[in-house]
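> Dropping a structure here in structure tokens format, bear with me for questions.
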Amino acid sequence: MHCKLESKIRMASKTKTTTPPRSSRFLKELKVGKYADDADKLINIRELIKPNVSLREHEELDRELHIWRHQAELREYWVPDVNDAQWRSWMFGTLLQLRRFVSITKPEERCQCKSRCLSNAQDHWPECQNGKDLKKKKDEEAEKARNRKLALAISKTLADDKVLTELTDDEVRDIHMRSMRERIKRCI
């Protein structure tokens, strides 16, 4: 019985004329590109344009879509206006263009920092090490600025005699010990 089924399938495949599925040259290039696997990993269109997701997932997907939208904008692809209510679903064409770009471009050549100067970390390709380093540097500078602002606020607060009288003896000793340790570190 199994042999009969196989022979029927063979006969049907011989008599039936098969026509290749029609698809555009653009879609063929997506699958044919040398780095098509990278494109599949980086830009998962099905996940990015899911219609029914929770609010938290929706926000995460929007963040990722904004990253890809910005990259498409830098590459001068058409991008939908984010003020439009349907912008998420309109991103499909833009994401296809980006996937095509990824599938035919070497990973080290995807970021535009190779051809021009980028001063903003968001302008770098998501995988670019230069962008990650720039973001880390900017985060460190922002943290230093926050700490400096806090230090100035503390010094202004401690300059007020009324605040100092409200401190307990242990708090005054703690402040004194911390300032002494800092003096020793700085050799002041």
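Identifiers in this document derive from the order of the structure tokens: chains are assigned A, B, ..., residues are numbered from 1 separately in each chain, and ligands are numbered from 1 in order of occurrence.
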If you run DSSP over the backbone, which residues in segment 1-186 of chain A end up alpha helix (DSSP H)? Put them as an MDAnalysis selection string.
chainID A and resid 2:15 25:32 36:42 45:48 55:74 87:104 129:158 161:166 169:186
> Output C-alpha atoms for every residue in the selection just made, as a tab-separated table (two decimals), in the first residue's frame.

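Output file result.tsv is given in full below:
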chain	number	residue	atom	x	y	z
A	2	HIS	CA	2.85	2.33	0.86
A	3	CYS	CA	4.47	1.64	-2.54
A	4	LYS	CA	1.23	2.46	-4.35
A	5	LEU	CA	1.03	5.83	-2.63
A	6	GLU	CA	4.63	6.63	-3.57
A	7	SER	CA	4.04	5.66	-7.19
A	8	LYS	CA	0.91	7.83	-7.35
A	9	ILE	CA	2.88	10.78	-6.02
A	10	ARG	CA	5.63	10.19	-8.58
A	11	MET	CA	3.10	9.94	-11.40
A	12	ALA	CA	1.35	13.12	-10.27
A	13	SER	CA	4.62	15.01	-10.07
A	14	LYS	CA	5.60	13.88	-13.57
A	15	THR	CA	2.31	14.81	-15.19
A	25	ARG	CA	13.40	40.11	-7.62
A	26	PHE	CA	13.57	42.07	-4.36
A	27	LEU	CA	12.22	39.17	-2.28
A	28	LYS	CA	14.56	36.74	-4.02
A	29	GLU	CA	17.52	38.94	-3.11
A	30	LEU	CA	16.45	38.82	0.54
A	31	LYS	CA	16.89	35.07	0.63
A	32	VAL	CA	19.87	34.96	-1.69
A	36	ALA	CA	20.62	36.48	4.85
A	37	ASP	CA	21.00	34.64	8.16
A	38	ASP	CA	22.12	37.90	9.81
A	39	ALA	CA	19.07	39.64	8.38
A	40	ASP	CA	16.82	36.95	9.87
A	41	LYS	CA	18.45	37.30	13.29
A	42	LEU	CA	18.59	41.09	13.39
A	45	ILE	CA	9.58	41.26	10.93
A	46	ARG	CA	6.93	38.88	12.27
A	47	GLU	CA	7.88	39.73	15.85
A	48	LEU	CA	8.23	43.45	15.24
A	55	LEU	CA	1.33	46.94	26.70
A	56	ARG	CA	4.85	46.12	27.94
A	57	GLU	CA	5.67	44.14	24.79
A	58	HIS	CA	4.16	46.92	22.69
A	59	GLU	CA	6.53	49.46	24.26
A	60	GLU	CA	9.55	47.17	23.73
A	61	LEU	CA	8.62	46.56	20.11
A	62	ASP	CA	8.10	50.29	19.57
A	63	ARG	CA	11.57	51.00	20.98
A	64	GLU	CA	13.11	48.47	18.60
A	65	LEU	CA	11.04	49.76	15.68
A	66	HIS	CA	12.23	53.30	16.44
A	67	ILE	CA	15.84	52.10	16.28
A	68	TRP	CA	15.29	50.48	12.88
A	69	ARG	CA	13.26	53.46	11.67
A	70	HIS	CA	16.14	55.77	12.59
A	71	GLN	CA	18.65	53.54	10.77
A	72	ALA	CA	16.42	53.54	7.68
A	73	GLU	CA	16.13	57.31	7.89
A	74	LEU	CA	19.94	57.63	7.98
A	87	TRP	CA	3.02	53.79	11.49
A	88	ARG	CA	3.87	50.39	12.99
A	89	SER	CA	2.17	48.47	10.20
A	90	TRP	CA	3.62	50.83	7.58
A	91	MET	CA	7.13	49.89	8.78
A	92	PHE	CA	6.88	46.58	6.87
A	93	GLY	CA	8.34	48.02	3.64
A	94	THR	CA	11.07	49.85	5.51
A	95	LEU	CA	12.02	46.70	7.42
A	96	LEU	CA	12.17	44.76	4.14
A	97	GLN	CA	14.60	47.34	2.74
A	98	LEU	CA	16.75	47.09	5.87
A	99	ARG	CA	16.72	43.28	5.69
A	100	ARG	CA	17.86	43.48	2.07
A	101	PHE	CA	20.66	45.86	3.10
A	102	VAL	CA	21.76	43.49	5.89
A	103	SER	CA	21.63	40.44	3.63
A	104	ILE	CA	24.04	41.92	1.08
A	129	GLN	CA	31.25	48.63	18.71
A	130	ASN	CA	32.07	52.32	18.15
A	131	GLY	CA	28.45	53.19	18.97
A	132	LYS	CA	28.51	51.04	22.10
A	133	ASP	CA	31.75	52.70	23.23
A	134	LEU	CA	30.34	56.16	22.55
A	135	LYS	CA	27.17	55.35	24.50
A	136	LYS	CA	29.23	54.04	27.43
A	137	LYS	CA	31.37	57.19	27.42
A	138	LYS	CA	28.33	59.48	27.32
A	139	ASP	CA	26.67	57.50	30.15
A	140	GLU	CA	29.83	57.84	32.28
A	141	GLU	CA	29.95	61.59	31.61
A	142	ALA	CA	26.28	61.94	32.52
A	143	GLU	CA	26.87	60.03	35.78
A	144	LYS	CA	29.83	62.27	36.65
A	145	ALA	CA	27.69	65.34	35.99
A	146	ARG	CA	24.90	63.97	38.24
A	147	ASN	CA	27.39	63.20	41.01
A	148	ARG	CA	28.92	66.66	40.73
A	149	LYS	CA	25.48	68.23	40.98
A	150	LEU	CA	24.73	66.14	44.09
A	151	ALA	CA	28.09	67.07	45.65
A	152	LEU	CA	27.37	70.77	45.14
A	153	ALA	CA	23.91	70.33	46.67
A	154	ILE	CA	25.40	68.57	49.70
A	155	SER	CA	28.06	71.23	50.19
A	156	LYS	CA	25.45	74.00	49.99
A	157	THR	CA	23.24	72.13	52.45
A	158	LEU	CA	26.10	71.64	54.92
A	161	ASP	CA	24.14	76.20	60.18
A	162	LYS	CA	20.49	75.33	60.78
A	163	VAL	CA	20.90	72.03	58.93
A	164	LEU	CA	24.06	71.16	60.85
A	165	THR	CA	22.36	71.72	64.21
A	166	GLU	CA	19.68	69.19	63.20
A	169	ASP	CA	26.40	63.41	66.72
A	170	ASP	CA	26.80	60.13	64.80
A	171	GLU	CA	25.84	61.82	61.53
A	172	VAL	CA	28.36	64.62	62.15
A	173	ARG	CA	31.09	62.04	62.95
A	174	ASP	CA	30.21	60.10	59.78
A	175	ILE	CA	30.43	63.22	57.63
A	176	HIS	CA	33.73	64.14	59.27
A	177	MET	CA	35.22	60.63	58.73
A	178	ARG	CA	34.15	60.57	55.09
A	179	SER	CA	35.64	63.98	54.43
A	180	MET	CA	38.89	62.94	56.20
A	181	ARG	CA	39.14	59.79	54.03
A	182	GLU	CA	38.59	61.89	50.91
A	183	ARG	CA	41.30	64.37	52.05
A	184	ILE	CA	43.75	61.49	52.53
A	185	LYS	CA	42.91	60.09	49.06
A	186	ARG	CA	43.48	63.46	47.46
> Do a neighbour search on Gln112 of chain A at 10 Å with only C-alpha atoms, toss out local chain neighbours closer than 5 positions, and write the hits as a tab-separated table (two decimals) with N, CA, C and O atoms, in the first residue's frame.

chain	number	residue	atom	x	y	z
A	71	GLN	N	17.61	54.04	11.67
A	71	GLN	CA	18.65	53.54	10.77
A	71	GLN	C	18.21	53.68	9.31
A	71	GLN	O	19.00	54.05	8.45
A	74	LEU	N	18.55	57.28	8.27
A	74	LEU	CA	19.94	57.63	7.98
A	74	LEU	C	20.38	57.12	6.62
A	74	LEU	O	21.20	57.73	5.95
A	75	ARG	N	19.84	56.00	6.20
A	75	ARG	CA	20.16	55.42	4.89
A	75	ARG	C	19.31	56.02	3.78
A	75	ARG	O	19.40	55.60	2.64
A	117	CYS	N	31.54	60.84	9.93
A	117	CYS	CA	31.67	61.02	11.38
A	117	CYS	C	30.28	61.04	12.02
A	117	CYS	O	29.42	61.82	11.62
A	118	LEU	N	30.09	60.19	13.01
A	118	LEU	CA	28.82	60.14	13.75
A	118	LEU	C	29.09	60.52	15.19
A	118	LEU	O	29.88	59.87	15.87
A	123	ASP	N	23.02	57.03	16.17
A	123	ASP	CA	23.24	57.00	14.72
A	123	ASP	C	24.04	55.79	14.27
A	123	ASP	O	24.02	55.43	13.09
A	124	HIS	N	24.74	55.17	15.19
A	124	HIS	CA	25.53	53.98	14.85
A	124	HIS	C	24.60	52.78	14.66
A	124	HIS	O	23.53	52.71	15.25
A	125	TRP	N	25.04	51.84	13.84
A	125	TRP	CA	24.31	50.59	13.63
A	125	TRP	C	24.22	49.86	14.97
A	125	TRP	O	25.16	49.91	15.76
A	128	CYS	N	27.31	48.02	16.10
A	128	CYS	CA	28.59	48.72	15.98
A	128	CYS	C	29.25	48.92	17.35
A	128	CYS	O	28.66	49.50	18.26
> One decimal, Å: what's the distance from atom CA of Val53 of chain A over to atom CA of Trp78 of chain A, could you say?
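Interatomic distance here is 26.0 Å.
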> Quote the spacing between atom CA of Glu109 of chain A and atom CA of Tyr35 of chain A in Å to one decimal place.
12.1 Å
> So how far away is atom CA of Pro80 of chain A from atom CA of Ser115 of chain A, in Å?
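Here the two named atoms are 25.7 Å from each other.
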